[in-house]
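J.: One structure follows; several queries about it will come next.
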Amino acid sequence: MKALMYGWEFPPHILGGLGTASFGLIRGMSMQPDMEITFVMPRPWGDEDRSFLKIIGACHTPVVWRDVSHDYVSHRLSGFMEPTGYFELRNHIYDDFRYCHVDDLGCIEFSGRYPDNLQEEINNYSIVAGVIARTEQYDIIHAHDWLTYPAGIHSKMVSGKPLVIHVHATDYDRSRGNVNPDVYHIEKNGMDHADRIITVSNLTRQTVIEKYHQHPDKVITVHNAVEPLGQEILSITDKRGVTDKVVTFLGRITMQKGPEYFVEAAAKVLQKTNGVRFVMAGSGDMTDRMIRLAAAHHISDRFHFTGFMKGRQVYEIFRASDVYVMPSVSEPFGISPLEAMQCGVPSVISKQSGCAEILNYAVKVDYWDIEAMADAIYGLISYPRLHAFLREEGLKEANGLKWEHAGRKVRHVYDSILH
């Protein structure tokens with residue numbers, strides 16, 4: 001079974017949960033002996049783990065003919081692509097996209113991020129997909145999140161192969177219902193063209209069925225999972241219990257993640273005790289508002305804003321935390337509580353999150369119920385037996401949620417289409 005996958009980010013260079021989920025799922029799927037995956041992304045950085053997949057950079061795929069030598073290609077694409085691969089791709093150029101900004105190899109430049117001209121990059125990515133789809137050998141196309149749906153559609157039109165789209169989030173989640181019509185159109189167009197739609201939770205599945213008018217038989221839920229912790233992470237020193245208790249929020253500081261409810265709950269906890277500090281780890285358009293909100297509650301001396309964290313930094317903050325809180329307003333899944341539980345950190349999560357469907361040993365509250373959130377935090381920092389119970393049982397539960405299991409479910413989806 002050969003899958004041609006389209007994604008937007010991949011570890012170690014990630015800006016959110018999409019790259020983490022893509023990595024975990026592909027690694028889990030690669031454990032099947034007859035599974036081969038080619039992963040296309042806008043811009044690889046060269047330090048990705050390629051031991052279990054083939055990576056193609058859209059920024060290394062020519063869309064305009066350039067007469068260059070074998071040696072020059074080898075020099076320009078050293079570490080990313082063999083010259084034979086470049087020339088093979090060039091031979092499948094089927095149109096002349098000179099209106100695009102291309103380099104001396106005829107390749108479109110990509111930021112590899114989420115730039116201001118994101119719509120343009122999405123369109124350019126779909127152009128490149130047409131060349132790749134004519135070149136690679138594959139049985140099925142798999143597109144992750146709305147950014148890659150146009151590329152998946154183009155590949156399906158070029159090849160006639162079936163398309164699976166993977167909904168990691170919808171604009172209803174990101175915008176609290178204030179949907180961007182351009183994004184909605186891309187999302188719905190992808191769903192309409194898909195042979196199957198995979199959602200990361202039943203919560204998201206219902207949104208896809210009700211808001212995007214998709215037939216229920218077409219939409220399958222495959223919950224996310226977590227990677228087993230490596231020795232490097234397990235060896236991080238546990239810094240809990242030094243002086244104050246530490247309660248952590250980690251994620252984008254945007255309205256989807258409900259950061260204001262975390263600050264409000266923190267203020268209520270600090271009315272009962274001073275032996276606790278609150279950490280908001282992340283960045284986003286609501287950061288300044290949250291700083292001002294903490295100041296308005298006169299808790300700034302007990303509140304810490306760390307900025308964006310990734311990789312080892314995430315686990316270092318977990319190793320220093322006593323409680324993790326995810327108060328998301330609408331969270332399609334939410335991998336971070338699972339990662340916290342792997343580190344022995346009891347988690348408080350919103351009932352409006354997809355991971356609440358599969359976690360039995362996390363405290364669940366409505367995101368808007370600040371009193372309940374504050375009570376849960378206070379209980380976990382004040383009652384050692386409760387904390388120990390959720391720490392131990394949560395660790396077992398998180399370690400049982402494996403990407404290999406999710407990978408097998410995705411493979412069943414592939415088989416159901418092809419057979």
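Please note that chains go A, B, ... in the order of the structure tokens, that every chain numbers its residues from 1, and that ligands are numbered from 1 in the order shown.
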Can you list, as an mmCIF file with N, CA and C atoms, in the first residue's frame, every protein, DNA or RNA residue that comes within 6 Å of range 59-61 of chain A when you count only C-alpha atoms, leaving out same-chain residues fewer than 3 positions away?

T.:
```
data_model
loop_
_atom_site.group_PDB
_atom_site.id
_atom_site.type_symbol
_atom_site.label_atom_id
_atom_site.label_comp_id
_atom_site.auth_asym_id
_atom_site.auth_seq_id
_atom_site.Cartn_x
_atom_site.Cartn_y
_atom_site.Cartn_z
ATOM 1 N N PRO A 42 5.461 21.958 2.216
ATOM 2 C CA PRO A 42 5.906 23.137 1.471
ATOM 3 C C PRO A 42 7.412 23.311 1.471
ATOM 4 N N ARG A 43 8.031 23.172 2.661
ATOM 5 C CA ARG A 43 9.467 23.421 2.744
ATOM 6 C C ARG A 43 10.106 22.567 3.825
ATOM 7 N N CYS A 107 11.612 26.429 -9.380
ATOM 8 C CA CYS A 107 10.806 26.012 -8.228
ATOM 9 C C CYS A 107 10.193 27.228 -7.533
ATOM 10 N N ILE A 108 8.974 27.057 -7.044
ATOM 11 C CA ILE A 108 8.303 28.119 -6.299
ATOM 12 C C ILE A 108 8.861 28.180 -4.883
ATOM 13 N N GLU A 109 9.050 29.377 -4.390
ATOM 14 C CA GLU A 109 9.535 29.539 -3.027
ATOM 15 C C GLU A 109 8.373 29.459 -2.034
ATOM 16 N N PHE A 110 8.608 28.771 -0.923
ATOM 17 C CA PHE A 110 7.620 28.657 0.145
ATOM 18 C C PHE A 110 8.265 29.078 1.460
#
```

J.: Can you build me a table of range 315-380 of chain A residues sitting at most 8 Å from range 260-276 of chain A, with the closest atom pair per residue and its distance in Å to one decimal, using only C-alpha atoms, sorted by chain and residue number, as a tab-separated table?

T.:
```
residue	atom	partner	partner_atom	distance
A:Val325	CA	A:Phe262	CA	7.6
A:Pro327	CA	A:Phe262	CA	6.6
A:Tyr367	CA	A:Tyr261	CA	7.0
A:Trp368	CA	A:Tyr261	CA	6.7
A:Ile370	CA	A:Ala265	CA	5.3
A:Glu371	CA	A:Ala265	CA	6.9
A:Met373	CA	A:Ala265	CA	6.2
A:Ala374	CA	A:Ala265	CA	4.8
A:Asp375	CA	A:Val269	CA	7.6
A:Ile377	CA	A:Val269	CA	7.4
A:Tyr378	CA	A:Val269	CA	6.2
```

J.: Rank A:Asp366, A:Asp67, A:Asp322, A:Asp238 by their smallest atom-to-atom distance to Pro384 in chain A, using only C-alpha atoms, and report the top residue only.

T.: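 Under the stated criterion, the closest residue is A:Asp322.
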
J.: If you run DSSP on the backbone here, which positions in range 333-363 of chain A get helix (DSSP H, G or I)? Please write them as a PyMOL selection string.

T.: chain A and resi 336-342+354-357

J.: Find the residues around range 292-308 of chain A up to 6 Å (only C-alpha atoms counted), leave out those fewer than 2 positions away in its own chain, and share them as a PyMOL selection string.

T.: chain A and resi 277-283+289-290

J.: Could you make a table, as a tab-separated table, of the residues of range 251-350 of chain A that have an atom within 10 Å of an atom of range 2-26 of chain A, each with its nearest atom pair and distance in Å to one decimal, counting only C-alpha atoms, in chain and number order?

T.:
```
residue	atom	partner	partner_atom	distance
A:Gly251	CA	A:Gly16	CA	7.8
A:Arg252	CA	A:Gly16	CA	7.7
A:Gly282	CA	A:Gly16	CA	10.0
A:Phe308	CA	A:Leu15	CA	8.7
A:Met309	CA	A:Leu15	CA	9.2
A:Lys310	CA	A:Ile14	CA	7.7
A:Gly311	CA	A:Pro12	CA	7.1
A:Phe333	CA	A:Gly17	CA	9.5
A:Gly334	CA	A:Gly17	CA	7.8
A:Ile335	CA	A:Gly17	CA	7.1
A:Ser336	CA	A:Gly17	CA	8.3
```

J.: Find the residues around His412 in chain A up to 12 Å (only C-alpha atoms counted), leave out those fewer than 4 positions away in its own chain, and share them as a PyMOL selection string.

T.: chain A and resi 1+29+32+196+198+220-222+405-408+416-419

J.: When you count only C-alpha atoms, which of these residues is closest to Lys402 in chain A: A:Gln342, A:Ser201, A:Gln352, A:Ser175?

T.: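 Answer, going by the shortest atom-to-atom distance: A:Gln342.
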
J.: To one decimal place in Å, what is the distance between CA of Gly177 in chain A and CA of Gln256 in chain A?

T.: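 These two atoms are separated by 10.0 Å.
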
J.: Choose the residue, out of A:Glu48, A:Asp145, A:Glu232, A:Glu397, that has the smallest atom-to-atom separation from His166 in chain A; count only C-alpha atoms.

T.: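 With only C-alpha atoms as the atom set, the closest residue is A:Asp145.
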
J.: Env of range 84-101 of chain A: 10 Å cut, atoms = only C-alpha atoms, seq-sep filter 2 positions within chain, self excluded. Answer as a PyMOL selection string.

T.: chain A and resi 56+60-66+68-70+73-74+77+81-82+103+105-110+120+124+127-128+130-136

J.: So, with only C-alpha atoms as the atoms that count, which of A:Phe39, A:Ser155, A:Arg385, A:Cys343 lies closest to Pro228 in chain A?

T.: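 Checking each of A:Phe39, A:Ser155, A:Arg385, A:Cys343 against Pro228 in chain A, counting only C-alpha atoms, the winner is A:Cys343.
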
J.: Please compute the CA of Val365 in chain A-CA of Arg205 in chain A distance, one decimal, in Å.

T.: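 Value for the CA of Val365 in chain A-CA of Arg205 in chain A distance: 21.2 Å.
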